[in-house]
Amino acid sequence: MRLGKNQRQHRIAQMLRQESVSSQDHLVELLAAQGVAVTQATVSRDLDDLGAVKVPTGGGSVYAIPELPSEQVAPDDHLKRVLGEWVVAVGCSHNLVVLNTPPGSAHVVGSAIDRSAVHGVLGTVAGDDTVLVVATEDVGGPLVAADFRSLAGLTEEESS
């Protein structure tokens, strides 16, 4: 059976809590045993999106998802991929940055920023198609906005 991305990731998160999964191939096999057809590449992206990390055990290492959102630090390339895919414009004023996305996508961008521990970002608030990013005063909105534009592959002219 084919599951949507959110359903599949929910199932993967449950598996990682219930079983010792030492490899992506093992996870593909476990999903297949439940009738879910998925490739190793998809599982790799899902683990990345979920913030899964390898933790050492007595007999090697297994995948785990940190319980606290503050512990779920996404890899650097995850933020670049999310911003490049979903951010269509970036604006700023003083210590505020506004990221525009297609309708229904702002929460994905906000979550990626929160999980990436971006220097100079205090936090985000996501609506339907807009993410408000609050920058620290010492870094400021213009610098954070420039970083986000670069990660999204946008120029300043495209964002205005």
# chains A, B, ... in the order shown; residues from 1 in each chain; ligands from 1
>>> select_by_dssp(residues="chain A", states="strand (DSSP E or B)", output="ChimeraX atom specification")
/A:53-57,60-64,89-93,96-100,121-126,130-135
>>> residues_around(residues="region 40-53 of chain A", least_positions_apart="6", cutoff="12 Å", atoms="only C-alpha atoms", output="count of residues only")
55
>>> residues_around(residues="region 132-140 of chain A", least_positions_apart="6", cutoff="10 Å", atoms="only C-alpha atoms", output="short mmCIF file (atom, residue, chain, number, x, y, z; two decimals) with all heavy atoms, in the first residue's frame")
data_model
loop_
_atom_site.label_atom_id
_atom_site.label_comp_id
_atom_site.auth_asym_id
_atom_site.auth_seq_id
_atom_site.Cartn_x
_atom_site.Cartn_y
_atom_site.Cartn_z
N GLY A 91 11.40 39.27 2.96
CA GLY A 91 11.46 40.69 3.28
C GLY A 91 11.91 40.88 4.71
O GLY A 91 11.90 39.93 5.50
N CYS A 92 12.30 42.10 5.07
CA CYS A 92 12.73 42.32 6.45
C CYS A 92 12.53 43.77 6.87
O CYS A 92 12.38 44.67 6.05
CB CYS A 92 14.19 41.93 6.63
SG CYS A 92 15.34 43.02 5.79
N SER A 93 12.51 43.95 8.19
CA SER A 93 12.44 45.27 8.80
C SER A 93 13.04 45.15 10.19
O SER A 93 12.56 44.36 11.01
CB SER A 93 10.98 45.73 8.90
OG SER A 93 10.90 46.95 9.59
N HIS A 94 14.10 45.90 10.45
CA HIS A 94 14.78 45.89 11.75
C HIS A 94 15.15 44.47 12.16
O HIS A 94 16.02 43.88 11.56
CB HIS A 94 13.97 46.62 12.81
CG HIS A 94 13.68 48.03 12.44
ND1 HIS A 94 14.64 49.01 12.43
CD2 HIS A 94 12.53 48.64 12.02
CE1 HIS A 94 14.12 50.15 12.03
NE2 HIS A 94 12.83 49.95 11.77
N ASN A 95 14.47 43.90 13.16
CA ASN A 95 14.82 42.54 13.59
C ASN A 95 13.75 41.52 13.18
O ASN A 95 13.71 40.42 13.72
CB ASN A 95 15.08 42.47 15.09
CG ASN A 95 13.83 42.64 15.91
OD1 ASN A 95 12.95 43.43 15.56
ND2 ASN A 95 13.73 41.91 17.00
N LEU A 96 12.90 41.88 12.22
CA LEU A 96 11.87 40.96 11.74
C LEU A 96 12.13 40.57 10.30
O LEU A 96 12.54 41.40 9.48
CB LEU A 96 10.49 41.61 11.84
CG LEU A 96 10.04 42.05 13.23
CD1 LEU A 96 8.69 42.76 13.14
CD2 LEU A 96 9.98 40.86 14.18
N VAL A 97 11.88 39.29 10.00
CA VAL A 97 12.02 38.78 8.64
C VAL A 97 10.70 38.11 8.29
O VAL A 97 10.13 37.38 9.09
CB VAL A 97 13.17 37.75 8.53
CG1 VAL A 97 13.28 37.19 7.12
CG2 VAL A 97 14.48 38.38 8.97
N VAL A 98 10.21 38.36 7.08
CA VAL A 98 8.98 37.74 6.61
C VAL A 98 9.31 36.87 5.41
O VAL A 98 9.91 37.33 4.43
CB VAL A 98 7.93 38.81 6.22
CG1 VAL A 98 6.71 38.16 5.60
CG2 VAL A 98 7.55 39.63 7.44
N LEU A 99 8.94 35.59 5.51
CA LEU A 99 9.13 34.64 4.42
C LEU A 99 7.75 34.30 3.85
O LEU A 99 6.85 33.92 4.60
CB LEU A 99 9.80 33.36 4.92
CG LEU A 99 11.12 33.53 5.67
CD1 LEU A 99 11.60 32.18 6.20
CD2 LEU A 99 12.17 34.13 4.78
N ASN A 100 7.59 34.44 2.55
CA ASN A 100 6.34 34.10 1.90
C ASN A 100 6.47 32.73 1.25
O ASN A 100 7.50 32.41 0.64
CB ASN A 100 5.96 35.14 0.85
CG ASN A 100 5.76 36.50 1.48
OD1 ASN A 100 6.58 37.39 1.29
ND2 ASN A 100 4.71 36.67 2.26
N ALA A 106 3.61 27.39 5.09
CA ALA A 106 4.42 28.16 6.04
C ALA A 106 4.89 27.32 7.23
O ALA A 106 6.01 27.48 7.70
CB ALA A 106 3.65 29.38 6.52
N GLY A 110 8.64 27.17 8.81
CA GLY A 110 8.87 27.57 10.20
C GLY A 110 9.50 26.45 11.01
O GLY A 110 10.45 26.67 11.79
N ILE A 113 13.18 25.97 10.12
CA ILE A 113 14.03 27.02 10.71
C ILE A 113 14.22 26.74 12.20
O ILE A 113 15.33 26.79 12.71
CB ILE A 113 13.42 28.42 10.48
CG1 ILE A 113 13.47 28.76 8.98
CG2 ILE A 113 14.16 29.47 11.31
CD1 ILE A 113 12.66 29.98 8.60
N ASP A 114 13.13 26.42 12.89
CA ASP A 114 13.22 26.15 14.33
C ASP A 114 14.16 24.98 14.61
O ASP A 114 14.92 25.01 15.58
CB ASP A 114 11.83 25.83 14.90
CG ASP A 114 10.92 27.04 14.93
OD1 ASP A 114 11.41 28.19 14.87
OD2 ASP A 114 9.68 26.84 15.02
N VAL A 118 19.29 28.25 13.57
CA VAL A 118 19.95 29.28 12.78
C VAL A 118 20.47 30.38 13.70
O VAL A 118 19.73 30.90 14.54
CB VAL A 118 18.96 29.88 11.75
CG1 VAL A 118 19.60 31.00 10.96
CG2 VAL A 118 18.44 28.80 10.82
N HIS A 119 21.74 30.73 13.53
CA HIS A 119 22.34 31.80 14.34
C HIS A 119 21.59 33.11 14.09
O HIS A 119 21.33 33.48 12.95
CB HIS A 119 23.82 31.98 13.97
CG HIS A 119 24.45 33.15 14.67
ND1 HIS A 119 24.70 33.15 16.02
CD2 HIS A 119 24.83 34.36 14.20
CE1 HIS A 119 25.23 34.31 16.34
NE2 HIS A 119 25.33 35.07 15.26
N GLY A 120 21.23 33.78 15.17
CA GLY A 120 20.57 35.07 15.06
C GLY A 120 19.06 34.98 15.00
O GLY A 120 18.40 36.01 14.85
N VAL A 121 18.48 33.79 15.13
CA VAL A 121 17.03 33.64 15.09
C VAL A 121 16.53 33.29 16.49
O VAL A 121 16.94 32.29 17.08
CB VAL A 121 16.60 32.55 14.08
CG1 VAL A 121 15.11 32.26 14.19
CG2 VAL A 121 16.95 32.99 12.66
N LEU A 122 15.60 34.12 17.00
CA LEU A 122 14.99 33.83 18.29
C LEU A 122 13.86 32.83 18.15
O LEU A 122 13.65 31.99 19.01
CB LEU A 122 14.44 35.12 18.92
CG LEU A 122 15.46 36.12 19.41
CD1 LEU A 122 14.78 37.40 19.88
CD2 LEU A 122 16.26 35.52 20.56
N GLY A 123 13.09 32.94 17.07
CA GLY A 123 11.98 32.02 16.87
C GLY A 123 11.16 32.40 15.65
O GLY A 123 11.44 33.40 14.98
N THR A 124 10.14 31.59 15.38
CA THR A 124 9.28 31.81 14.23
C THR A 124 7.81 31.71 14.63
O THR A 124 7.47 31.07 15.62
CB THR A 124 9.53 30.74 13.13
OG1 THR A 124 9.18 29.45 13.64
CG2 THR A 124 10.98 30.75 12.67
N VAL A 125 6.96 32.33 13.82
CA VAL A 125 5.52 32.19 13.92
C VAL A 125 5.03 31.95 12.50
O VAL A 125 5.30 32.76 11.60
CB VAL A 125 4.84 33.45 14.50
CG1 VAL A 125 3.33 33.28 14.54
CG2 VAL A 125 5.39 33.78 15.88
N ALA A 126 4.35 30.83 12.29
CA ALA A 126 3.92 30.48 10.94
C ALA A 126 2.41 30.60 10.81
O ALA A 126 1.67 30.12 11.66
CB ALA A 126 4.36 29.06 10.60
#
>>> select_by_dssp(residues="region 8-82 of chain A", states="helix (DSSP H, G or I)", output="count of residues only")
42
>>> closest_residue(among="A:Val88, A:Ala117, A:Met1, A:Val55", to="Gln34 (chain A)", atoms="only C-alpha atoms")
A:Met1
>>> atom_distance(atom1="CA of Thr101 (chain A)", atom2="CA of Val87 (chain A)")
4.8 Å
